[in-house]
>>> print(open('model.txt').read())   # compact mmCIF, C-alpha atoms and all ligand atoms
# COMPACT_ATOMS: atom_id res chain seq x y z
CA MET A 1 -32.88 -3.90 32.44
CA LYS A 2 -32.27 -6.37 29.62
CA SER A 3 -35.05 -7.00 27.12
CA LYS A 4 -36.60 -10.46 27.19
CA ILE A 5 -37.13 -12.07 23.81
CA LEU A 6 -39.05 -15.22 22.93
CA ILE A 7 -37.64 -17.18 19.99
CA ILE A 8 -40.28 -19.31 18.26
CA ASN A 9 -38.70 -21.99 16.10
CA THR A 10 -41.04 -23.06 13.28
CA GLY A 11 -38.47 -24.95 11.19
CA GLY A 12 -36.77 -24.02 7.92
CA THR A 13 -33.23 -24.46 6.66
CA ILE A 14 -31.63 -22.68 9.62
CA GLY A 15 -32.33 -25.60 11.97
CA MET A 16 -31.98 -28.43 9.48
CA VAL A 17 -29.41 -31.21 9.43
CA LYS A 18 -28.28 -33.46 6.59
CA THR A 19 -30.24 -36.72 6.38
CA GLU A 20 -30.33 -39.50 3.78
CA LYS A 21 -33.35 -37.81 2.20
CA GLY A 22 -31.77 -34.32 2.14
CA TYR A 23 -31.92 -31.51 4.72
CA ALA A 24 -34.65 -31.91 7.36
CA PRO A 25 -35.44 -30.05 10.62
CA ASP A 26 -33.96 -31.38 13.89
CA GLY A 27 -35.25 -29.37 16.84
CA GLU A 28 -33.13 -30.97 19.54
CA TYR A 29 -29.85 -30.63 17.67
CA PHE A 30 -30.68 -27.01 16.84
CA ARG A 31 -31.50 -26.14 20.46
CA LYS A 32 -28.13 -27.58 21.52
CA GLN A 33 -26.37 -25.51 18.85
CA LEU A 34 -27.98 -22.28 20.09
CA GLU A 35 -27.22 -23.08 23.72
CA GLU A 36 -23.57 -23.64 22.82
CA MET A 37 -23.27 -20.40 20.80
CA GLY A 38 -21.10 -18.10 22.92
CA ALA A 39 -22.28 -14.94 21.12
CA LEU A 40 -25.84 -15.49 22.32
CA LYS A 41 -24.63 -15.22 25.92
CA ALA A 42 -22.70 -11.96 25.36
CA ASP A 43 -23.47 -8.96 27.58
CA ILE A 44 -25.01 -6.90 24.78
CA MET A 45 -27.49 -9.64 23.93
CA PRO A 46 -31.04 -9.59 25.32
CA GLU A 47 -32.22 -12.47 27.46
CA TRP A 48 -33.92 -15.12 25.34
CA GLU A 49 -35.86 -18.32 25.61
CA MET A 50 -36.94 -20.63 22.82
CA ILE A 51 -40.07 -22.63 22.16
CA GLU A 52 -41.02 -24.68 19.11
CA THR A 53 -44.21 -25.03 17.12
CA LYS A 54 -45.83 -28.49 17.19
CA ASP A 55 -44.23 -29.50 13.90
CA LEU A 56 -40.97 -28.08 12.59
CA LEU A 57 -41.72 -27.46 8.95
CA ASP A 58 -40.09 -26.82 5.67
CA SER A 59 -41.95 -23.56 5.12
CA SER A 60 -43.33 -24.80 1.79
CA ASN A 61 -45.68 -26.87 3.97
CA MET A 62 -47.03 -23.91 5.98
CA THR A 63 -50.81 -23.56 6.07
CA VAL A 64 -53.27 -21.16 7.64
CA ARG A 65 -53.34 -23.49 10.66
CA ASP A 66 -49.59 -22.94 11.13
CA TRP A 67 -49.93 -19.14 10.82
CA ASN A 68 -52.61 -19.34 13.52
CA GLU A 69 -50.34 -21.42 15.74
CA ILE A 70 -47.50 -18.87 15.46
CA GLY A 71 -49.93 -15.97 16.03
CA SER A 72 -51.45 -17.60 19.09
CA LEU A 73 -48.00 -18.39 20.59
CA ILE A 74 -47.18 -14.68 20.28
CA ALA A 75 -50.56 -13.70 21.74
CA VAL A 76 -50.29 -16.04 24.73
CA ASN A 77 -46.77 -14.77 25.53
CA TYR A 78 -47.35 -11.14 24.52
CA ARG A 79 -47.18 -9.57 27.99
CA LYS A 80 -44.29 -11.74 29.20
CA TYR A 81 -41.76 -10.70 26.53
CA ASP A 82 -40.46 -7.46 24.97
CA GLY A 83 -40.18 -8.94 21.50
CA PHE A 84 -40.33 -12.06 19.36
CA VAL A 85 -37.96 -13.70 16.89
CA ILE A 86 -39.59 -16.22 14.60
CA LEU A 87 -37.24 -18.74 12.99
CA HIS A 88 -38.80 -19.71 9.67
CA GLY A 89 -37.96 -21.20 6.30
CA THR A 90 -37.25 -18.66 3.60
CA ASP A 91 -39.63 -20.03 0.95
CA THR A 92 -42.84 -18.66 2.46
CA MET A 93 -41.41 -16.26 5.04
CA SER A 94 -42.92 -13.21 3.29
CA TYR A 95 -46.38 -14.84 3.35
CA THR A 96 -46.13 -15.60 7.08
CA ALA A 97 -44.77 -12.11 7.81
CA SER A 98 -47.69 -10.59 5.88
CA ALA A 99 -50.21 -12.84 7.65
CA LEU A 100 -48.82 -11.98 11.12
CA SER A 101 -48.84 -8.27 10.32
CA PHE A 102 -52.62 -8.45 9.87
CA MET A 103 -53.56 -11.01 12.51
CA LEU A 104 -51.66 -9.16 15.27
CA GLU A 105 -53.78 -6.05 15.76
CA ASN A 106 -52.38 -2.97 17.52
CA LEU A 107 -48.93 -4.54 17.75
CA ASP A 108 -46.62 -2.55 19.99
CA LYS A 109 -43.61 -4.90 20.07
CA PRO A 110 -41.13 -6.25 17.50
CA VAL A 111 -41.89 -9.50 15.71
CA ILE A 112 -38.79 -10.32 13.64
CA LEU A 113 -38.78 -13.25 11.23
CA THR A 114 -35.49 -14.71 10.15
CA GLY A 115 -33.90 -17.93 8.90
CA SER A 116 -31.02 -18.81 6.65
CA GLN A 117 -30.09 -20.12 3.23
CA ILE A 118 -27.39 -22.39 4.70
CA PRO A 119 -28.19 -24.46 7.84
CA LEU A 120 -26.56 -23.36 11.09
CA CYS A 121 -24.79 -26.72 11.27
CA GLU A 122 -22.73 -25.82 8.18
CA VAL A 123 -19.48 -23.83 8.46
CA ARG A 124 -20.58 -21.09 6.03
CA SER A 125 -24.05 -20.66 7.51
CA ASP A 126 -25.64 -17.22 7.21
CA GLY A 127 -27.89 -18.22 10.13
CA ARG A 128 -25.42 -17.05 12.76
CA ASP A 129 -25.64 -13.33 11.92
CA ASN A 130 -29.32 -13.59 11.11
CA ILE A 131 -30.14 -14.90 14.59
CA ILE A 132 -27.73 -12.61 16.47
CA SER A 133 -28.84 -9.43 14.67
CA SER A 134 -32.54 -10.38 14.86
CA LEU A 135 -32.22 -10.78 18.64
CA LEU A 136 -30.44 -7.42 18.93
CA ILE A 137 -33.13 -5.74 16.80
CA ALA A 138 -35.93 -7.40 18.75
CA GLY A 139 -34.31 -6.22 21.97
CA SER A 140 -33.70 -2.64 20.81
CA LYS A 141 -37.20 -1.30 21.53
CA LYS A 142 -37.12 0.57 18.22
CA VAL A 143 -39.34 -1.69 16.13
CA LYS A 144 -43.07 -2.05 16.70
CA GLU A 145 -44.11 -4.08 13.70
CA VAL A 146 -43.66 -7.39 11.91
CA ALA A 147 -40.38 -7.35 9.98
CA ILE A 148 -37.95 -9.69 8.26
CA TYR A 149 -34.24 -9.49 9.09
CA PHE A 150 -32.10 -11.22 6.52
CA GLY A 151 -28.64 -10.72 5.03
CA GLY A 152 -27.96 -7.41 6.76
CA SER A 153 -31.32 -5.71 6.12
CA LEU A 154 -34.49 -5.25 8.10
CA LEU A 155 -37.57 -5.12 5.85
CA ARG A 156 -41.23 -4.47 6.56
CA GLY A 157 -42.71 -7.97 6.50
CA ASN A 158 -45.74 -7.19 4.37
CA ARG A 159 -43.59 -5.34 1.80
CA SER A 160 -41.02 -8.09 1.44
CA MET A 161 -40.66 -10.81 -1.17
CA LYS A 162 -38.24 -13.68 -1.58
CA TYR A 163 -35.88 -12.58 -4.30
CA SER A 164 -33.13 -15.17 -4.46
CA ALA A 165 -33.31 -18.95 -4.22
CA ASP A 166 -29.63 -19.23 -3.33
CA GLY A 167 -28.15 -15.80 -2.58
CA LEU A 168 -27.57 -14.74 1.01
CA THR A 169 -29.50 -11.52 0.40
CA ALA A 170 -32.64 -13.52 -0.14
CA PHE A 171 -35.31 -10.84 0.41
CA VAL A 172 -36.12 -7.46 -1.07
CA SER A 173 -38.66 -4.75 -0.36
CA PRO A 174 -39.00 -3.16 -3.78
CA SER A 175 -41.71 -0.63 -2.96
CA TYR A 176 -40.74 0.44 0.55
CA PRO A 177 -37.40 1.54 2.04
CA VAL A 178 -35.25 -0.79 4.11
CA LEU A 179 -36.07 -0.25 7.81
CA ALA A 180 -32.56 -0.86 9.12
CA GLU A 181 -29.14 -1.82 7.77
CA ALA A 182 -26.75 -3.92 9.82
CA GLY A 183 -23.23 -2.79 8.95
CA ILE A 184 -20.60 -2.03 11.58
CA SER A 185 -23.57 -0.91 13.63
CA ILE A 186 -27.30 -1.37 13.13
CA LYS A 187 -28.69 1.84 11.62
CA TYR A 188 -32.44 2.33 11.80
CA ASP A 189 -34.41 4.48 9.37
CA GLU A 190 -36.68 6.07 11.97
CA THR A 191 -38.76 7.89 9.36
CA HIS A 192 -39.92 4.63 7.76
CA LEU A 193 -40.43 2.48 10.84
CA MET A 194 -43.96 2.31 12.24
CA LYS A 195 -44.05 5.32 14.49
CA GLN A 196 -45.42 3.86 17.64
CA GLY A 197 -47.62 1.09 18.73
CA SER A 198 -51.28 1.69 19.08
CA GLU A 199 -52.76 2.76 22.36
CA ASP A 200 -55.55 0.31 21.77
CA ASP A 201 -55.23 -3.15 23.14
CA PHE A 202 -53.27 -5.75 21.28
CA ALA A 203 -55.52 -8.44 19.81
CA PHE A 204 -54.96 -11.63 17.87
CA VAL A 205 -57.30 -12.47 14.99
CA PRO A 206 -56.95 -16.11 13.91
CA PHE A 207 -57.54 -16.65 10.21
CA LYS A 208 -60.32 -18.79 8.84
CA LYS A 209 -59.70 -21.14 5.93
CA VAL A 210 -61.02 -18.74 3.30
CA PRO A 211 -61.04 -20.02 -0.32
CA ILE A 212 -58.72 -17.64 -2.19
CA GLY A 213 -57.19 -17.91 -5.64
CA VAL A 214 -54.29 -16.24 -7.47
CA ILE A 215 -54.15 -15.92 -11.26
CA LYS A 216 -51.03 -14.74 -13.07
CA VAL A 217 -51.85 -13.26 -16.44
CA PHE A 218 -49.61 -14.10 -19.43
CA PRO A 219 -49.79 -13.42 -23.17
CA GLY A 220 -52.29 -15.82 -24.72
CA ILE A 221 -53.98 -16.71 -21.42
CA GLN A 222 -57.29 -18.51 -22.00
CA PHE A 223 -59.52 -16.87 -19.47
CA ASP A 224 -62.43 -19.24 -20.06
CA LEU A 225 -60.38 -22.00 -18.37
CA PHE A 226 -60.89 -20.15 -15.10
CA GLU A 227 -64.66 -19.79 -15.39
CA SER A 228 -65.30 -23.04 -13.54
CA ILE A 229 -63.55 -21.80 -10.38
CA MET A 230 -65.62 -18.60 -10.22
CA THR A 231 -68.38 -20.04 -8.05
CA GLU A 232 -69.91 -18.84 -4.78
CA ASN A 233 -67.20 -20.87 -3.04
CA LEU A 234 -64.51 -18.47 -4.16
CA LYS A 235 -64.22 -15.56 -1.72
CA GLY A 236 -61.20 -13.68 -2.99
CA ILE A 237 -59.02 -13.65 -6.03
CA VAL A 238 -55.76 -11.84 -6.68
CA ILE A 239 -54.99 -11.20 -10.34
CA GLU A 240 -51.32 -10.54 -11.09
CA THR A 241 -51.56 -8.29 -14.12
CA PHE A 242 -49.03 -6.66 -16.43
CA GLY A 243 -47.63 -3.24 -15.57
CA SER A 244 -50.08 -0.84 -13.98
CA GLY A 245 -52.99 -3.31 -13.99
CA ASN A 246 -53.33 -4.34 -17.62
CA ILE A 247 -54.79 -7.57 -18.94
CA PRO A 248 -54.93 -8.87 -22.51
CA GLN A 249 -58.29 -7.96 -24.01
CA ASN A 250 -58.71 -11.33 -25.80
CA GLY A 251 -62.13 -10.44 -27.16
CA GLU A 252 -63.10 -9.23 -23.67
CA ALA A 253 -63.15 -12.82 -22.44
CA LEU A 254 -62.12 -11.92 -18.92
CA LEU A 255 -64.79 -9.32 -18.26
CA PRO A 256 -67.78 -11.67 -17.91
CA ILE A 257 -65.71 -14.01 -15.76
CA ILE A 258 -64.69 -11.23 -13.37
CA GLU A 259 -68.28 -10.00 -13.32
CA LYS A 260 -69.43 -13.51 -12.48
CA ALA A 261 -66.93 -13.76 -9.64
CA PHE A 262 -67.88 -10.33 -8.34
CA SER A 263 -71.62 -10.96 -8.49
CA SER A 264 -71.21 -14.22 -6.61
CA GLY A 265 -69.48 -12.27 -3.84
CA ALA A 266 -65.74 -12.61 -4.55
CA ILE A 267 -63.33 -9.74 -4.02
CA VAL A 268 -61.19 -9.38 -7.11
CA THR A 269 -57.90 -7.64 -6.28
CA VAL A 270 -55.55 -6.42 -8.97
CA CYS A 271 -51.81 -6.55 -8.26
CA THR A 272 -48.94 -6.04 -10.66
CA GLN A 273 -46.34 -8.57 -11.78
CA CYS A 274 -43.75 -5.78 -11.57
CA PRO A 275 -41.89 -5.84 -8.26
CA GLN A 276 -41.92 -2.06 -8.23
CA GLY A 277 -44.61 0.51 -9.04
CA THR A 278 -48.32 0.66 -8.56
CA VAL A 279 -51.54 -0.50 -10.16
CA SER A 280 -53.59 2.33 -11.60
CA LEU A 281 -56.87 0.98 -12.92
CA GLY A 282 -58.27 2.94 -15.83
CA THR A 283 -54.98 4.44 -17.02
CA TYR A 284 -55.12 2.16 -20.07
CA GLU A 285 -58.09 0.71 -21.90
CA THR A 286 -56.69 -2.71 -20.98
CA SER A 287 -57.26 -2.08 -17.25
CA LEU A 288 -60.52 -0.17 -17.44
CA ALA A 289 -62.46 -3.39 -17.94
CA LEU A 290 -61.27 -4.69 -14.56
CA LYS A 291 -62.40 -1.55 -12.82
CA GLU A 292 -65.79 -1.61 -14.51
CA ALA A 293 -66.25 -5.26 -13.55
CA GLY A 294 -65.89 -4.34 -9.86
CA ALA A 295 -62.23 -5.20 -9.20
CA VAL A 296 -60.28 -3.32 -6.53
CA SER A 297 -56.78 -1.97 -6.93
CA GLY A 298 -54.03 -3.60 -4.90
CA LEU A 299 -51.85 -0.57 -5.72
CA ASP A 300 -48.23 -1.47 -4.87
CA MET A 301 -49.17 -4.34 -2.56
CA THR A 302 -47.27 -7.60 -3.03
CA THR A 303 -49.30 -10.70 -3.89
CA GLU A 304 -48.16 -12.13 -0.54
CA ALA A 305 -49.68 -9.16 1.31
CA ALA A 306 -52.85 -9.15 -0.81
CA VAL A 307 -53.50 -12.83 -0.07
CA ALA A 308 -52.90 -12.32 3.67
CA LYS A 309 -55.12 -9.22 3.73
CA LEU A 310 -57.99 -11.08 2.08
CA TYR A 311 -57.69 -13.84 4.70
CA TYR A 312 -57.70 -11.21 7.44
CA LEU A 313 -60.68 -9.18 6.22
CA PHE A 314 -62.83 -12.27 5.59
CA SER A 315 -61.81 -13.71 8.97
CA LYS A 316 -63.00 -10.47 10.61
CA GLY A 317 -66.42 -11.20 9.15
CA TYR A 318 -66.74 -7.93 7.22
CA GLY A 319 -69.26 -7.62 4.39
CA ARG A 320 -68.25 -7.33 0.76
CA ASP A 321 -68.46 -3.52 0.50
CA GLN A 322 -66.36 -3.04 3.62
CA ILE A 323 -63.74 -5.49 2.37
CA LYS A 324 -63.64 -3.74 -1.02
CA LYS A 325 -63.06 -0.43 0.72
CA LEU A 326 -60.39 -1.73 3.10
CA MET A 327 -58.47 -3.56 0.36
CA GLU A 328 -57.57 -0.14 -1.09
CA VAL A 329 -56.54 1.40 2.24
CA SER A 330 -53.29 0.78 4.09
CA LEU A 331 -53.98 -1.05 7.36
CA ARG A 332 -50.43 -2.05 8.38
CA GLY A 333 -48.22 -0.06 6.04
CA GLU A 334 -48.65 -2.71 3.34
CA MET A 335 -49.46 -0.26 0.53
CA GLY A 336 -49.14 3.34 -0.57
CA SER A 337 -52.17 5.47 -1.28
CA ILE A 338 -54.08 6.25 -4.47
CA GLN A 339 -52.48 9.32 -6.10
N1 LIG B 1 -37.36 -24.97 1.88
C1 LIG B 1 -36.80 -24.21 2.98
C2 LIG B 1 -37.96 -23.61 3.76
O1 LIG B 1 -38.56 -22.69 3.32
C3 LIG B 1 -35.90 -23.16 2.46
C4 LIG B 1 -35.27 -22.28 3.51
O2 LIG B 1 -35.54 -22.31 4.67
O3 LIG B 1 -34.40 -21.49 3.11
O4 LIG B 1 -38.26 -24.11 4.81
>>> encode(input="model.txt", output="structure tokens")
Amino acid sequence: MKSKILIINTGGTIGMVKTEKGYAPDGEYFRKQLEEMGALKADIMPEWEMIETKDLLDSSNMTVRDWNEIGSLIAVNYRKYDGFVILHGTDTMSYTASALSFMLENLDKPVILTGSQIPLCEVRSDGRDNIISSLLIAGSKKVKEVAIYFGGSLLRGNRSMKYSADGLTAFVSPSYPVLAEAGISIKYDETHLMKQGSEDDFAFVPFKKVPIGVIKVFPGIQFDLFESIMTENLKGIVIETFGSGNIPQNGEALLPIIEKAFSSGAIVTVCTQCPQGTVSLGTYETSLALKEAGAVSGLDMTTEAAVAKLYYLFSKGYGRDQIKKLMEVSLRGEMGSIQ
């Protein structure tokens, strides 16, 4: 029996058309284009239906509310379909993929995000293969996780990052192997795919609007500028540090600020600015301070995944110690383990 896939169109370049103000989404035109695409009716293709989110967005405009809408559309239709293809803008696709990977608990079906760099209405669009291959992957019954298919590669969603603003290979997964390559045939790397779905029941955890901040460290950074945001209102902060978790010592200016954030209840998570490799707090004097101030190590987690994980853990209502513990443990394959 053919797999049944639900396509959820959220917007993005793939479904945009040229307007006087530049490219903008046009749901009706896009639906017509898909319905007229002969390849999507081929025998090898799964059956598919398409729905749209309330607003078709340029993904730069995505908010937690929009992640919740996508998550709840999957949850409501979970039993009716064998898999899901989410059409999404490329700019924040890795954030949405990370968010969905956490909010969809015990996922046992494929959720494949894709889009394109060139709209489907253009002759050279990369959207055609991205949609066709995503549908085939979603229908293959091999994937039981949230992934991004783009430019011939299937990547774990919460390991991916947007790498190119204009290349057709727009995403990379620098710290985790590619899950499948689409060449003449689609070859899956079974050893790196999530083994099997959980036997527990699937559940959807909507995110709350948790106040989270991200700070990217740079030479000469004036840490005292950030003191004013370290109030009880701030729940989580991701610090993108140099190398394996290093920050400039700057007369130890950061330490009291991190301590202040920590003592007012914020979870301080240390990620690295390097696309590859892992944070190792305490390896250098310049990272020891963070550890001593109560920061947790994001190891090789992307900033996108760290932000989504903070939203998830706070939305679950866990206490600070539990969140600190879980930030350093892989929940959805988003990080390696402490060596
Ligand atoms: N700005 C667009 C978006 O993220 C870019 C794209 O889809 O490629 O919606």
>>> atom_distance(input="model.txt", atom1="atom CA of A:Glu122", atom2="atom CA of A:Glu52")
21.3 Å
>>> closest_residue(input="model.txt", among="A:Val146, A:Leu73, A:Met62, A:Cys274", to="A:Asn106", atoms="all atoms listed in the file")
A:Val146
>>> residues_around(input="model.txt", residues="A:Lys54", least_positions_apart="4", cutoff="10 Å", atoms="only C-alpha atoms", output="PyMOL selection string")
chain A and resi 9-10+66+69-70
>>> closest_residue(input="model.txt", among="A:Ala293, A:Ile14, A:Ile258, A:Ile237", to="A:Gly115", atoms="all atoms listed in the file")
A:Ile14
>>> residues_near_ligand(input="model.txt", ligand="ligand LIG 1 (chain B)", cutoff="8 Å", atoms="all atoms listed in the file", output="list in words")
Gly11, Gly12, Thr13, Ile14, Leu57, Asp58, Ser59, Ser60, Asn61, His88, Gly89, Thr90, Asp91, Thr92, Met93, Gly115, Ser116, Gln117, Ile118 and Ala165 of chain A
>>> closest_residue(input="model.txt", among="A:Thr302, A:Ser175, A:Thr278, A:Ser297", to="A:Glu328", atoms="all atoms listed in the file")
A:Ser297
>>> residues_near_point(input="model.txt", point="(-48.5, -4.3, -16.3)", cutoff="6 Å", atoms="all atoms listed in the file", output="list of chain:residue names")
A:Thr241, A:Phe242, A:Gly243, A:Ser244, A:Gly245, A:Asn246, A:Thr272
>>> closest_residue(input="model.txt", among="A:Lys18, A:Lys80, A:Lys2, A:Lys32", to="A:Met45", atoms="all atoms listed in the file")
A:Lys2
>>> atom_distance(input="model.txt", atom1="atom CA of A:Lys144", atom2="atom CA of A:Val172")
19.8 Å
>>> closest_residue(input="model.txt", among="A:Glu259, A:Glu145, A:Glu285, A:Asp200", to="A:Glu334", atoms="only C-alpha atoms")
A:Glu145
>>> atom_distance(input="model.txt", atom1="atom CA of A:Val76", atom2="atom CA of A:Leu34")
23.6 Å
>>> residues_near_point(input="model.txt", point="(-37.6, -7.8, 20.3)", cutoff="9 Å", atoms="all atoms listed in the file", output="NGL selection string")
:A and (3-6 or 46 or 81-85 or 109-112 or 134-144)
>>> decode(input="model.txt", residues="stretch 240-270 of chain A", atoms="N, CA and C atoms", output="PDB file, in the first residue's frame")
ATOM      1  N   GLU A 240      27.783  32.187  22.545  1.00  0.00           N
ATOM      2  CA  GLU A 240      28.615  31.612  21.472  1.00  0.00           C
ATOM      3  C   GLU A 240      30.048  32.047  21.733  1.00  0.00           C
ATOM      4  N   THR A 241      30.848  31.111  22.177  1.00  0.00           N
ATOM      5  CA  THR A 241      32.222  31.427  22.592  1.00  0.00           C
ATOM      6  C   THR A 241      33.220  31.078  21.491  1.00  0.00           C
ATOM      7  N   PHE A 242      34.475  31.414  21.735  1.00  0.00           N
ATOM      8  CA  PHE A 242      35.545  30.984  20.825  1.00  0.00           C
ATOM      9  C   PHE A 242      35.838  29.512  21.078  1.00  0.00           C
ATOM     10  N   GLY A 243      36.319  28.846  20.057  1.00  0.00           N
ATOM     11  CA  GLY A 243      36.880  27.490  20.175  1.00  0.00           C
ATOM     12  C   GLY A 243      36.122  26.559  21.098  1.00  0.00           C
ATOM     13  N   SER A 244      36.819  26.017  22.068  1.00  0.00           N
ATOM     14  CA  SER A 244      36.215  24.979  22.909  1.00  0.00           C
ATOM     15  C   SER A 244      35.488  25.551  24.129  1.00  0.00           C
ATOM     16  N   GLY A 245      35.101  26.828  24.046  1.00  0.00           N
ATOM     17  CA  GLY A 245      34.309  27.415  25.135  1.00  0.00           C
ATOM     18  C   GLY A 245      35.012  28.580  25.801  1.00  0.00           C
ATOM     19  N   ASN A 246      35.900  29.241  25.046  1.00  0.00           N
ATOM     20  CA  ASN A 246      36.726  30.289  25.656  1.00  0.00           C
ATOM     21  C   ASN A 246      36.134  31.682  25.466  1.00  0.00           C
ATOM     22  N   ILE A 247      36.301  32.485  26.516  1.00  0.00           N
ATOM     23  CA  ILE A 247      35.850  33.875  26.462  1.00  0.00           C
ATOM     24  C   ILE A 247      37.027  34.775  26.828  1.00  0.00           C
ATOM     25  N   PRO A 248      37.046  36.019  26.315  1.00  0.00           N
ATOM     26  CA  PRO A 248      38.128  36.914  26.722  1.00  0.00           C
ATOM     27  C   PRO A 248      38.020  37.194  28.225  1.00  0.00           C
ATOM     28  N   GLN A 249      39.150  37.245  28.905  1.00  0.00           N
ATOM     29  CA  GLN A 249      39.068  37.426  30.361  1.00  0.00           C
ATOM     30  C   GLN A 249      38.717  38.860  30.762  1.00  0.00           C
ATOM     31  N   ASN A 250      39.162  39.832  29.979  1.00  0.00           N
ATOM     32  CA  ASN A 250      38.748  41.251  30.181  1.00  0.00           C
ATOM     33  C   ASN A 250      38.616  41.644  31.651  1.00  0.00           C
ATOM     34  N   GLY A 251      39.623  41.363  32.431  1.00  0.00           N
ATOM     35  CA  GLY A 251      39.551  41.709  33.857  1.00  0.00           C
ATOM     36  C   GLY A 251      38.397  40.992  34.541  1.00  0.00           C
ATOM     37  N   GLU A 252      38.085  39.792  34.062  1.00  0.00           N
ATOM     38  CA  GLU A 252      37.041  38.946  34.651  1.00  0.00           C
ATOM     39  C   GLU A 252      35.670  39.634  34.689  1.00  0.00           C
ATOM     40  N   ALA A 253      35.450  40.507  33.712  1.00  0.00           N
ATOM     41  CA  ALA A 253      34.190  41.263  33.710  1.00  0.00           C
ATOM     42  C   ALA A 253      32.967  40.385  33.530  1.00  0.00           C
ATOM     43  N   LEU A 254      33.137  39.284  32.807  1.00  0.00           N
ATOM     44  CA  LEU A 254      31.958  38.466  32.505  1.00  0.00           C
ATOM     45  C   LEU A 254      31.479  37.669  33.710  1.00  0.00           C
ATOM     46  N   LEU A 255      32.446  37.231  34.514  1.00  0.00           N
ATOM     47  CA  LEU A 255      32.119  36.316  35.610  1.00  0.00           C
ATOM     48  C   LEU A 255      30.974  36.799  36.504  1.00  0.00           C
ATOM     49  N   PRO A 256      31.062  38.028  37.039  1.00  0.00           N
ATOM     50  CA  PRO A 256      29.956  38.475  37.898  1.00  0.00           C
ATOM     51  C   PRO A 256      28.627  38.571  37.152  1.00  0.00           C
ATOM     52  N   ILE A 257      28.697  38.846  35.863  1.00  0.00           N
ATOM     53  CA  ILE A 257      27.453  38.970  35.082  1.00  0.00           C
ATOM     54  C   ILE A 257      26.808  37.599  34.909  1.00  0.00           C
ATOM     55  N   ILE A 258      27.640  36.600  34.612  1.00  0.00           N
ATOM     56  CA  ILE A 258      27.107  35.225  34.467  1.00  0.00           C
ATOM     57  C   ILE A 258      26.574  34.752  35.816  1.00  0.00           C
ATOM     58  N   GLU A 259      27.321  35.074  36.875  1.00  0.00           N
ATOM     59  CA  GLU A 259      26.868  34.666  38.219  1.00  0.00           C
ATOM     60  C   GLU A 259      25.526  35.305  38.539  1.00  0.00           C
ATOM     61  N   LYS A 260      25.388  36.560  38.140  1.00  0.00           N
ATOM     62  CA  LYS A 260      24.134  37.277  38.400  1.00  0.00           C
ATOM     63  C   LYS A 260      22.979  36.591  37.645  1.00  0.00           C
ATOM     64  N   ALA A 261      23.246  36.275  36.385  1.00  0.00           N
ATOM     65  CA  ALA A 261      22.210  35.606  35.579  1.00  0.00           C
ATOM     66  C   ALA A 261      21.852  34.271  36.218  1.00  0.00           C
ATOM     67  N   PHE A 262      22.871  33.518  36.613  1.00  0.00           N
ATOM     68  CA  PHE A 262      22.658  32.185  37.157  1.00  0.00           C
ATOM     69  C   PHE A 262      21.886  32.262  38.469  1.00  0.00           C
ATOM     70  N   SER A 263      22.283  33.241  39.325  1.00  0.00           N
ATOM     71  CA  SER A 263      21.609  33.292  40.625  1.00  0.00           C
ATOM     72  C   SER A 263      20.183  33.822  40.500  1.00  0.00           C
ATOM     73  N   SER A 264      19.884  34.524  39.400  1.00  0.00           N
ATOM     74  CA  SER A 264      18.482  34.925  39.232  1.00  0.00           C
ATOM     75  C   SER A 264      17.700  33.875  38.435  1.00  0.00           C
ATOM     76  N   GLY A 265      18.315  32.712  38.223  1.00  0.00           N
ATOM     77  CA  GLY A 265      17.564  31.572  37.690  1.00  0.00           C
ATOM     78  C   GLY A 265      17.781  31.251  36.226  1.00  0.00           C
ATOM     79  N   ALA A 266      18.653  31.992  35.531  1.00  0.00           N
ATOM     80  CA  ALA A 266      18.837  31.733  34.092  1.00  0.00           C
ATOM     81  C   ALA A 266      19.767  30.544  33.866  1.00  0.00           C
ATOM     82  N   ILE A 267      19.501  29.824  32.787  1.00  0.00           N
ATOM     83  CA  ILE A 267      20.396  28.734  32.386  1.00  0.00           C
ATOM     84  C   ILE A 267      21.351  29.286  31.348  1.00  0.00           C
ATOM     85  N   VAL A 268      22.635  29.293  31.684  1.00  0.00           N
ATOM     86  CA  VAL A 268      23.641  29.823  30.778  1.00  0.00           C
ATOM     87  C   VAL A 268      24.272  28.647  30.029  1.00  0.00           C
ATOM     88  N   THR A 269      24.082  28.620  28.722  1.00  0.00           N
ATOM     89  CA  THR A 269      24.577  27.489  27.912  1.00  0.00           C
ATOM     90  C   THR A 269      25.702  27.957  27.012  1.00  0.00           C
ATOM     91  N   VAL A 270      26.801  27.216  27.043  1.00  0.00           N
ATOM     92  CA  VAL A 270      27.970  27.621  26.266  1.00  0.00           C
ATOM     93  C   VAL A 270      28.048  26.804  24.982  1.00  0.00           C
TER      94      VAL A 270
END
